[in-house]
$ cat entry.cif   # mmCIF, C-alpha atoms
data_run
loop_
_atom_site.group_PDB
_atom_site.id
_atom_site.type_symbol
_atom_site.label_atom_id
_atom_site.label_comp_id
_atom_site.auth_asym_id
_atom_site.auth_seq_id
_atom_site.Cartn_x
_atom_site.Cartn_y
_atom_site.Cartn_z
ATOM 1 C CA MET R 291 0.000 0.000 0.000
ATOM 2 C CA GLY R 292 1.424 3.349 -1.053
ATOM 3 C CA ASN R 293 4.814 4.774 -0.287
ATOM 4 C CA ASN R 294 4.643 4.713 3.544
ATOM 5 C CA VAL R 295 3.525 8.360 3.495
ATOM 6 C CA ILE R 296 0.462 10.214 4.825
ATOM 7 C CA GLY R 297 -0.624 13.436 3.130
ATOM 8 C CA PHE R 298 -2.056 16.524 4.855
ATOM 9 C CA TYR R 299 -3.799 19.293 2.929
ATOM 10 C CA ASP R 300 -4.888 22.768 3.982
ATOM 11 C CA SER R 301 -5.181 26.257 2.543
ATOM 12 C CA GLY R 302 -2.311 27.330 4.804
ATOM 13 C CA VAL R 303 -0.754 26.679 8.194
ATOM 14 C CA GLY R 304 -3.974 25.591 9.909
ATOM 15 C CA GLY R 305 -3.491 21.968 8.926
ATOM 16 C CA LEU R 306 -0.360 21.954 11.055
ATOM 17 C CA SER R 307 -2.681 21.496 14.042
ATOM 18 C CA VAL R 308 -3.616 18.110 12.592
ATOM 19 C CA LEU R 309 -0.038 17.290 11.638
ATOM 20 C CA LYS R 310 1.065 18.008 15.231
ATOM 21 C CA VAL R 311 -1.298 15.361 16.554
ATOM 22 C CA ALA R 312 -0.071 12.879 13.947
ATOM 23 C CA LEU R 313 3.552 13.529 14.886
ATOM 24 C CA ASN R 314 2.783 12.361 18.428
ATOM 25 C CA LYS R 315 0.692 9.336 17.521
ATOM 26 C CA ILE R 316 2.071 7.995 14.226
ATOM 27 C CA LYS R 317 5.750 7.035 14.346
ATOM 28 C CA ASN R 318 5.986 4.603 11.455
ATOM 29 C CA LYS R 319 5.129 6.929 8.566
ATOM 30 C CA ASN R 320 6.634 9.855 6.726
ATOM 31 C CA PHE R 321 4.492 12.904 5.938
ATOM 32 C CA VAL R 322 3.792 15.338 3.136
ATOM 33 C CA PHE R 323 1.954 18.610 3.691
ATOM 34 C CA PHE R 324 0.345 20.727 0.976
ATOM 35 C CA GLY R 325 -0.290 24.362 1.892
ATOM 36 C CA ASP R 326 -2.250 26.254 -0.769
ATOM 37 C CA THR R 327 -1.251 29.635 0.605
ATOM 38 C CA LEU R 328 -1.446 31.428 -2.746
ATOM 39 C CA ARG R 329 -5.203 30.864 -2.914
ATOM 40 C CA MET R 330 -6.114 31.198 0.757
ATOM 41 C CA PRO R 331 -8.324 32.115 2.555
ATOM 42 C CA TYR R 332 -10.633 29.377 1.315
ATOM 43 C CA GLY R 333 -13.492 30.776 3.377
ATOM 44 C CA ALA R 334 -13.861 33.573 0.847
ATOM 45 C CA ARG R 335 -13.824 31.234 -2.187
ATOM 46 C CA THR R 336 -16.832 29.797 -4.008
ATOM 47 C CA ASN R 337 -17.938 26.236 -3.359
ATOM 48 C CA GLU R 338 -16.883 25.240 -6.869
ATOM 49 C CA GLU R 339 -13.410 26.732 -6.458
ATOM 50 C CA ILE R 340 -12.873 24.915 -3.173
ATOM 51 C CA LYS R 341 -14.057 21.627 -4.675
ATOM 52 C CA ASN R 342 -11.678 22.039 -7.619
ATOM 53 C CA TYR R 343 -8.713 22.956 -5.407
ATOM 54 C CA THR R 344 -9.346 19.941 -3.184
ATOM 55 C CA MET R 345 -9.572 17.527 -6.081
ATOM 56 C CA GLU R 346 -6.368 18.966 -7.557
ATOM 57 C CA VAL R 347 -4.407 18.335 -4.384
ATOM 58 C CA MET R 348 -5.878 14.865 -3.886
ATOM 59 C CA GLY R 349 -4.718 14.046 -7.424
ATOM 60 C CA PHE R 350 -1.306 15.487 -6.620
ATOM 61 C CA PHE R 351 -1.135 13.234 -3.557
ATOM 62 C CA GLU R 352 -2.200 10.245 -5.632
ATOM 63 C CA ASP R 353 0.819 10.828 -7.868
ATOM 64 C CA LEU R 354 2.987 10.928 -4.735
ATOM 65 C CA ASP R 355 1.588 7.472 -3.913
ATOM 66 C CA VAL R 356 0.479 8.369 -0.398
ATOM 67 C CA ASP R 357 -1.111 5.693 1.784
ATOM 68 C CA LEU R 358 -3.872 8.069 2.879
ATOM 69 C CA SER R 359 -4.754 11.753 2.644
ATOM 70 C CA ILE R 360 -6.213 13.899 5.382
ATOM 71 C CA ILE R 361 -8.079 16.977 4.193
ATOM 72 C CA ALA R 362 -6.926 18.986 7.208
ATOM 73 C CA CYS R 363 -9.284 21.845 6.407
ATOM 74 C CA ASN R 364 -12.936 22.051 7.415
ATOM 75 C CA THR R 365 -13.849 24.198 4.410
ATOM 76 C CA ALA R 366 -12.225 21.840 1.920
ATOM 77 C CA THR R 367 -13.788 18.873 3.705
ATOM 78 C CA SER R 368 -17.195 20.529 3.362
ATOM 79 C CA HIS R 369 -16.957 21.045 -0.380
ATOM 80 C CA GLY R 370 -14.393 18.583 -1.725
ATOM 81 C CA LEU R 371 -14.314 15.363 0.300
ATOM 82 C CA LYS R 372 -17.274 13.619 -1.329
ATOM 83 C CA GLU R 373 -16.137 14.325 -4.894
ATOM 84 C CA SER R 374 -12.532 13.398 -4.113
ATOM 85 C CA ASN R 375 -13.592 10.037 -2.725
ATOM 86 C CA GLU R 376 -15.717 9.429 -5.816
ATOM 87 C CA ARG R 377 -12.773 10.071 -8.126
ATOM 88 C CA TYR R 378 -9.778 8.634 -6.287
ATOM 89 C CA LYS R 379 -9.448 5.096 -5.014
ATOM 90 C CA TYR R 380 -7.004 5.560 -2.138
ATOM 91 C CA PRO R 381 -8.285 6.512 1.367
ATOM 92 C CA ILE R 382 -9.188 10.183 1.813
ATOM 93 C CA ILE R 383 -10.705 11.477 5.056
ATOM 94 C CA GLY R 384 -11.778 14.882 6.335
ATOM 95 C CA VAL R 385 -12.171 16.547 9.701
ATOM 96 C CA VAL R 386 -15.899 17.352 9.939
ATOM 97 C CA GLU R 387 -17.287 13.933 10.841
ATOM 98 C CA PRO R 388 -14.584 13.196 13.450
ATOM 99 C CA GLY R 389 -15.112 16.639 14.971
ATOM 100 C CA SER R 390 -18.861 16.096 15.116
ATOM 101 C CA GLU R 391 -18.473 12.701 16.778
ATOM 102 C CA ASN R 392 -16.151 14.188 19.391
ATOM 103 C CA ALA R 393 -18.578 17.026 20.108
ATOM 104 C CA LEU R 394 -21.416 14.559 20.676
ATOM 105 C CA GLU R 395 -19.238 12.591 23.070
ATOM 106 C CA ARG R 396 -18.498 15.715 25.094
ATOM 107 C CA THR R 397 -21.713 17.717 25.260
ATOM 108 C CA LYS R 398 -24.068 17.154 28.181
ATOM 109 C CA THR R 399 -26.604 19.870 27.362
ATOM 110 C CA LYS R 400 -26.698 19.147 23.613
ATOM 111 C CA ARG R 401 -26.062 22.814 22.907
ATOM 112 C CA VAL R 402 -22.944 23.233 20.779
ATOM 113 C CA ALA R 403 -21.162 26.280 19.367
ATOM 114 C CA LEU R 404 -19.136 26.270 16.156
ATOM 115 C CA VAL R 405 -16.459 28.719 15.064
ATOM 116 C CA ALA R 406 -15.360 28.222 11.460
ATOM 117 C CA THR R 407 -14.864 29.949 8.105
ATOM 118 C CA LYS R 408 -17.698 31.718 6.300
ATOM 119 C CA SER R 409 -17.868 29.008 3.638
ATOM 120 C CA CYS R 410 -17.926 26.194 6.185
ATOM 121 C CA VAL R 411 -20.656 27.867 8.246
ATOM 122 C CA GLU R 412 -22.814 28.671 5.209
ATOM 123 C CA SER R 413 -22.479 25.115 3.893
ATOM 124 C CA GLY R 414 -24.345 23.879 6.973
ATOM 125 C CA VAL R 415 -22.192 20.760 6.954
ATOM 126 C CA TYR R 416 -21.690 20.569 10.719
ATOM 127 C CA ASP R 417 -25.379 21.079 11.383
ATOM 128 C CA LYS R 418 -26.229 18.324 8.895
ATOM 129 C CA VAL R 419 -23.675 15.858 10.237
ATOM 130 C CA LEU R 420 -24.423 16.525 13.907
ATOM 131 C CA LYS R 421 -28.183 16.190 13.464
ATOM 132 C CA SER R 422 -27.766 13.010 11.439
ATOM 133 C CA MET R 423 -26.073 11.589 14.537
ATOM 134 C CA ASP R 424 -28.432 13.176 17.096
ATOM 135 C CA PRO R 425 -31.472 15.171 15.883
ATOM 136 C CA SER R 426 -31.839 16.864 19.285
ATOM 137 C CA ILE R 427 -28.517 18.729 18.999
ATOM 138 C CA GLU R 428 -28.701 22.534 18.855
ATOM 139 C CA LEU R 429 -25.873 24.251 16.971
ATOM 140 C CA ARG R 430 -25.062 27.929 16.612
ATOM 141 C CA SER R 431 -22.229 29.075 14.379
ATOM 142 C CA VAL R 432 -20.014 32.118 13.899
ATOM 143 C CA TYR R 433 -17.453 32.607 11.156
ATOM 144 C CA CYS R 434 -14.173 34.317 11.989
ATOM 145 C CA PRO R 435 -12.300 35.622 8.906
ATOM 146 C CA ASP R 436 -9.913 37.957 10.738
ATOM 147 C CA LEU R 437 -8.790 35.139 13.015
ATOM 148 C CA THR R 438 -7.691 32.864 10.168
ATOM 149 C CA LEU R 439 -5.680 35.638 8.532
ATOM 150 C CA ALA R 440 -3.980 36.666 11.790
ATOM 151 C CA ILE R 441 -2.875 33.087 12.426
ATOM 152 C CA GLU R 442 -1.628 32.727 8.864
ATOM 153 C CA ARG R 443 0.545 35.813 9.399
ATOM 154 C CA GLY R 444 1.914 34.350 12.641
ATOM 155 C CA GLU R 445 0.497 37.124 14.824
ATOM 156 C CA PHE R 446 0.213 35.111 18.027
ATOM 157 C CA GLU R 447 0.745 37.896 20.582
ATOM 158 C CA GLU R 448 -1.673 37.204 23.443
ATOM 159 C CA GLU R 449 -3.314 40.623 23.739
ATOM 160 C CA TYR R 450 -3.809 40.963 19.989
ATOM 161 C CA MET R 451 -5.131 37.427 19.501
ATOM 162 C CA ASP R 452 -7.432 37.600 22.539
ATOM 163 C CA GLY R 453 -8.991 40.767 21.115
ATOM 164 C CA ILE R 454 -9.851 39.039 17.853
ATOM 165 C CA VAL R 455 -11.202 35.950 19.590
ATOM 166 C CA LYS R 456 -13.351 38.027 21.975
ATOM 167 C CA LYS R 457 -14.904 39.896 19.058
ATOM 168 C CA TYR R 458 -16.221 36.664 17.587
ATOM 169 C CA LEU R 459 -17.208 34.984 20.852
ATOM 170 C CA ASP R 460 -19.325 38.045 21.663
ATOM 171 C CA TYR R 461 -21.572 37.105 18.726
ATOM 172 C CA PHE R 462 -22.856 34.122 20.705
ATOM 173 C CA GLU R 463 -24.302 36.585 23.227
ATOM 174 C CA ASP R 464 -26.454 34.690 25.764
ATOM 175 C CA TYR R 465 -26.341 31.300 24.010
ATOM 176 C CA ASP R 466 -25.726 28.783 26.800
ATOM 177 C CA PHE R 467 -23.486 26.135 25.225
ATOM 178 C CA ASP R 468 -21.220 23.626 26.948
ATOM 179 C CA THR R 469 -19.132 22.489 23.965
ATOM 180 C CA MET R 470 -17.365 24.414 21.194
ATOM 181 C CA ILE R 471 -16.073 22.966 17.937
ATOM 182 C CA LEU R 472 -12.957 24.672 16.608
ATOM 183 C CA GLY R 473 -14.194 24.158 13.053
ATOM 184 C CA CYS R 474 -11.209 25.592 11.236
ATOM 185 C CA THR R 475 -7.902 23.816 11.659
ATOM 186 C CA HIS R 476 -6.239 27.193 12.245
ATOM 187 C CA TYR R 477 -8.183 27.767 15.459
ATOM 188 C CA PRO R 478 -6.715 25.021 17.677
ATOM 189 C CA LEU R 479 -3.405 26.836 17.244
ATOM 190 C CA VAL R 480 -4.861 29.608 19.449
ATOM 191 C CA GLU R 481 -7.060 27.427 21.675
ATOM 192 C CA ASP R 482 -5.617 29.120 24.767
ATOM 193 C CA SER R 483 -7.131 32.423 23.621
ATOM 194 C CA PHE R 484 -10.568 30.827 23.372
ATOM 195 C CA LYS R 485 -10.172 29.342 26.849
ATOM 196 C CA ARG R 486 -9.073 32.656 28.367
ATOM 197 C CA ILE R 487 -11.978 34.636 26.898
ATOM 198 C CA LEU R 488 -14.581 32.011 27.746
ATOM 199 C CA LYS R 489 -13.296 31.900 31.324
ATOM 200 C CA LYS R 490 -13.583 35.692 31.573
ATOM 201 C CA GLN R 491 -17.143 35.385 30.295
ATOM 202 C CA GLY R 492 -17.879 32.913 33.079
ATOM 203 C CA LYS R 493 -18.563 30.013 30.724
ATOM 204 C CA LYS R 494 -17.435 26.440 31.324
ATOM 205 C CA VAL R 495 -16.937 25.029 27.840
ATOM 206 C CA LEU R 496 -15.282 21.884 26.526
ATOM 207 C CA MET R 497 -13.248 22.499 23.388
ATOM 208 C CA VAL R 498 -13.315 20.123 20.423
ATOM 209 C CA ASP R 499 -10.267 19.951 18.169
ATOM 210 C CA PRO R 500 -11.276 17.611 15.310
ATOM 211 C CA ALA R 501 -7.610 16.711 14.760
ATOM 212 C CA TYR R 502 -7.478 14.081 17.506
ATOM 213 C CA LYS R 503 -10.353 11.924 16.297
ATOM 214 C CA THR R 504 -9.275 12.458 12.665
ATOM 215 C CA VAL R 505 -5.796 11.071 13.326
ATOM 216 C CA LEU R 506 -7.254 8.117 15.250
ATOM 217 C CA ASP R 507 -9.519 7.394 12.278
ATOM 218 C CA ALA R 508 -6.499 7.471 9.958
ATOM 219 C CA MET R 509 -4.659 5.039 12.220
ATOM 220 C CA ASN R 510 -7.644 2.717 12.202
ATOM 221 C CA ILE R 511 -7.901 2.759 8.400
ATOM 222 C CA LEU R 512 -4.186 2.075 8.011
ATOM 223 C CA LYS R 513 -4.206 -0.460 10.862
ATOM 224 C CA ILE R 514 -1.526 1.455 12.777
ATOM 225 C CA GLU R 515 -1.211 0.246 16.370
ATOM 226 C CA LYS R 516 -1.093 2.777 19.195
ATOM 227 C CA ASP R 517 2.388 1.572 20.180
ATOM 228 C CA ASN R 518 3.758 1.697 16.617
ATOM 229 C CA GLN R 519 7.552 1.712 16.446
ATOM 230 C CA GLU R 520 9.336 4.795 15.137
ATOM 231 C CA ILE R 521 11.107 4.404 11.808
ATOM 232 C CA PRO R 522 14.532 6.051 11.423
ATOM 233 C CA ASN R 523 15.244 9.227 9.459
ATOM 234 C CA ARG R 524 11.643 10.330 9.109
ATOM 235 C CA THR R 525 10.863 12.996 6.526
ATOM 236 C CA ILE R 526 8.304 15.761 6.044
ATOM 237 C CA ASP R 527 7.984 17.370 2.621
ATOM 238 C CA PHE R 528 6.100 20.661 2.365
ATOM 239 C CA TYR R 529 4.535 21.660 -0.952
ATOM 240 C CA ILE R 530 3.605 25.340 -0.939
ATOM 241 C CA THR R 531 1.857 27.406 -3.640
ATOM 242 C CA GLY R 532 2.663 30.799 -2.136
ATOM 243 C CA ASP R 533 5.555 32.352 -0.203
ATOM 244 C CA ILE R 534 7.615 29.517 1.280
ATOM 245 C CA ASN R 535 9.563 31.808 3.606
ATOM 246 C CA LEU R 536 6.370 33.254 5.116
ATOM 247 C CA PHE R 537 4.913 29.775 5.572
ATOM 248 C CA ARG R 538 8.116 28.521 7.156
ATOM 249 C CA SER R 539 8.337 31.501 9.508
ATOM 250 C CA THR R 540 4.828 30.898 10.821
ATOM 251 C CA MET R 541 5.302 27.120 10.899
ATOM 252 C CA GLU R 542 8.343 27.431 13.158
ATOM 253 C CA LYS R 543 6.164 29.227 15.734
ATOM 254 C CA ILE R 544 3.709 26.333 15.729
ATOM 255 C CA VAL R 545 5.555 23.020 15.545
ATOM 256 C CA ASP R 546 9.042 21.711 16.309
ATOM 257 C CA LEU R 547 10.303 19.571 13.433
ATOM 258 C CA SER R 548 13.925 19.358 14.540
ATOM 259 C CA ASP R 549 13.747 15.539 14.645
ATOM 260 C CA PHE R 550 12.717 15.309 10.993
ATOM 261 C CA LYS R 551 14.385 15.802 7.656
ATOM 262 C CA VAL R 552 12.326 18.708 6.309
ATOM 263 C CA SER R 553 12.152 19.801 2.668
ATOM 264 C CA PHE R 554 10.209 22.606 0.990
ATOM 265 C CA HIS R 555 8.973 22.576 -2.590
ATOM 266 C CA GLN R 556 7.411 25.396 -4.609
ATOM 267 C CA VAL R 557 4.254 24.401 -6.490
ATOM 268 C CA ASP R 558 2.951 26.233 -9.576
ATOM 269 C CA ILE R 559 -0.857 26.167 -9.428
ATOM 270 C CA LYS R 560 -0.984 25.863 -13.217
ATOM 271 C CA ASP R 561 0.560 22.421 -12.848
ATOM 272 C CA LEU R 562 -2.382 21.360 -10.667
ATOM 273 C CA GLU R 563 -5.079 21.998 -13.263
ATOM 274 C CA LYS R 564 -4.530 18.598 -14.886
ATOM 275 C CA TYR R 565 -6.026 16.941 -11.801
ATOM 276 C CA ARG R 566 -9.447 18.591 -12.130
#

$ encode --input "entry.cif" --output "structure tokens"
Amino acid sequence: MGNNVIGFYDSGVGGLSVLKVALNKIKNKNFVFFGDTLRMPYGARTNEEIKNYTMEVMGFFEDLDVDLSIIACNTATSHGLKESNERYKYPIIGVVEPGSENALERTKTKRVALVATKSCVESGVYDKVLKSMDPSIELRSVYCPDLTLAIERGEFEEEYMDGIVKKYLDYFEDYDFDTMILGCTHYPLVEDSFKRILKKQGKKVLMVDPAYKTVLDAMNILKIEKDNQEIPNRTIDFYITGDINLFRSTMEKIVDLSDFKVSFHQVDIKDLEKYR
């Protein structure tokens, strides 16, 4: 099966939150990461554009002979997972269903909040998936465009980030929820900001990062044991459509890859069109 590699795909650095979980749990695979930074933010793109971008990258990963691909982007999962699975024959999973399952496991009141991109919220995908699992679930959603862009720029200063997070959490007003889904893979990178603001608001809320359940699902599909043995000289290859130096600068604030052989590759988006 494949080339002993797992692929991760996101519009930018957000998917690193999923990669970080995989680094801790999966020791017997190498990784490739595709960051489509030239065309981000996906939340502002049309559904058709997002679907096409997703299918392009899944075709790119197929040519790399990956064992499995994780669409580490809620927006791309919403609009491109189904079509990608219809076209390609290797395993491709997203983050929405695992995140929904985790939220249902955690909520006691069945009132859930979602923060995500505009496109993900407007797609209604979380509402559909959650209610297919439990029709009594109540979900309220807020999209947070400024937050995604700030994270992509690496602007993690506490006071600045807390201000952005507070602005969006205020939109929930008096909604009494006990569980929050971080429905954009960028947002777990600033989970501490969400926790600080919610605490100041006097709310006790369990946070759901879809990455954990997603990685466990990948391990199950690939039959990777929890105590899998680490292979030597592991590699991570990054394929970036935009500014590699900017991506790398932000990445280094998020994840320590000193134990890996890391390579960066520039991707011309024109070369991806053949996969549509």

$ atom_distance --input "entry.cif" --atom1 "CA of Val415 (chain R)" --atom2 "CA of Ile361 (chain R)"
14.9 Å

$ closest_atom_pairs --input "entry.cif" --of "region 347-462 of chain R" --to "region 292-306 of chain R" --cutoff "12 Å" --atoms "only C-alpha atoms" --output "tab-separated table"
residue	atom	partner	partner_atom	distance
R:Val347	CA	R:Tyr299	CA	7.4
R:Met348	CA	R:Tyr299	CA	8.4
R:Gly349	CA	R:Gly297	CA	11.3
R:Phe350	CA	R:Gly297	CA	10.0
R:Phe351	CA	R:Gly297	CA	6.7
R:Glu352	CA	R:Gly292	CA	9.0
R:Asp353	CA	R:Gly292	CA	10.1
R:Leu354	CA	R:Asn293	CA	7.8
R:Asp355	CA	R:Gly292	CA	5.0
R:Val356	CA	R:Val295	CA	4.9
R:Asp357	CA	R:Gly292	CA	4.5
R:Leu358	CA	R:Ile296	CA	5.2
R:Ser359	CA	R:Gly297	CA	4.5
R:Ile360	CA	R:Phe298	CA	4.9
R:Ile361	CA	R:Tyr299	CA	5.0
R:Ala362	CA	R:Gly305	CA	4.9
R:Cys363	CA	R:Asp300	CA	5.1
R:Asn364	CA	R:Asp300	CA	8.8
R:Thr365	CA	R:Asp300	CA	9.1
R:Ala366	CA	R:Asp300	CA	7.7
R:Thr367	CA	R:Asp300	CA	9.7
R:Gly370	CA	R:Tyr299	CA	11.6
R:Leu371	CA	R:Tyr299	CA	11.5
R:Lys379	CA	R:Gly292	CA	11.7
R:Tyr380	CA	R:Gly292	CA	8.8
R:Pro381	CA	R:Ile296	CA	10.1
R:Ile382	CA	R:Gly297	CA	9.3
R:Ile383	CA	R:Phe298	CA	10.0
R:Gly384	CA	R:Tyr299	CA	9.7
R:Val385	CA	R:Gly305	CA	10.3
R:Ala406	CA	R:Gly304	CA	11.8
R:Thr407	CA	R:Ser301	CA	11.8
R:Leu437	CA	R:Gly304	CA	11.1
R:Thr438	CA	R:Gly304	CA	8.2
R:Leu439	CA	R:Gly302	CA	9.7
R:Ala440	CA	R:Val303	CA	11.1
R:Ile441	CA	R:Val303	CA	8.0
R:Glu442	CA	R:Val303	CA	6.1
R:Arg443	CA	R:Val303	CA	9.3
R:Gly444	CA	R:Val303	CA	9.3

$ residues_near_point --input "entry.cif" --point "(-17.7, 36.7, 14.8)" --cutoff "9 Å" --atoms "all atoms listed in the file" --output "list in words"
Val405, Ser431, Val432, Tyr433, Cys434, Pro435, Asp436, Ile454, Val455, Lys456, Lys457, Tyr458, Leu459, Asp460, Tyr461 and Phe462 of chain R

$ atom_distance --input "entry.cif" --atom1 "CA of Thr336 (chain R)" --atom2 "CA of Arg566 (chain R)"
15.7 Å

$ closest_residue --input "entry.cif" --among "R:Glu391, R:Lys317, R:Gly333, R:Val322" --to "Ile521 (chain R)" --atoms "only C-alpha atoms"
R:Lys317

$ resolve_selection --input "entry.cif" --expression "the PyMOL selection byres ((chain R and resi 529) around 9)" --output "list in words"
Val322, Phe323, Phe324, Gly325, Asp326, Asp527, Phe528, Ile530, Thr531, Ile534, Ser553, Phe554, His555, Gln556 and Val557 of chain R

$ atom_distance --input "entry.cif" --atom1 "CA of Thr475 (chain R)" --atom2 "CA of Cys410 (chain R)"
11.7 Å

$ closest_residue --input "entry.cif" --among "R:Lys341, R:Asp507, R:Asn320, R:Asp452" --to "Asn375 (chain R)" --atoms "only C-alpha atoms"
R:Lys341

$ closest_residue --input "entry.cif" --among "R:Pro388, R:Pro331, R:Gly453, R:Pro500" --to "Val311 (chain R)" --atoms "all atoms listed in the file"
R:Pro500
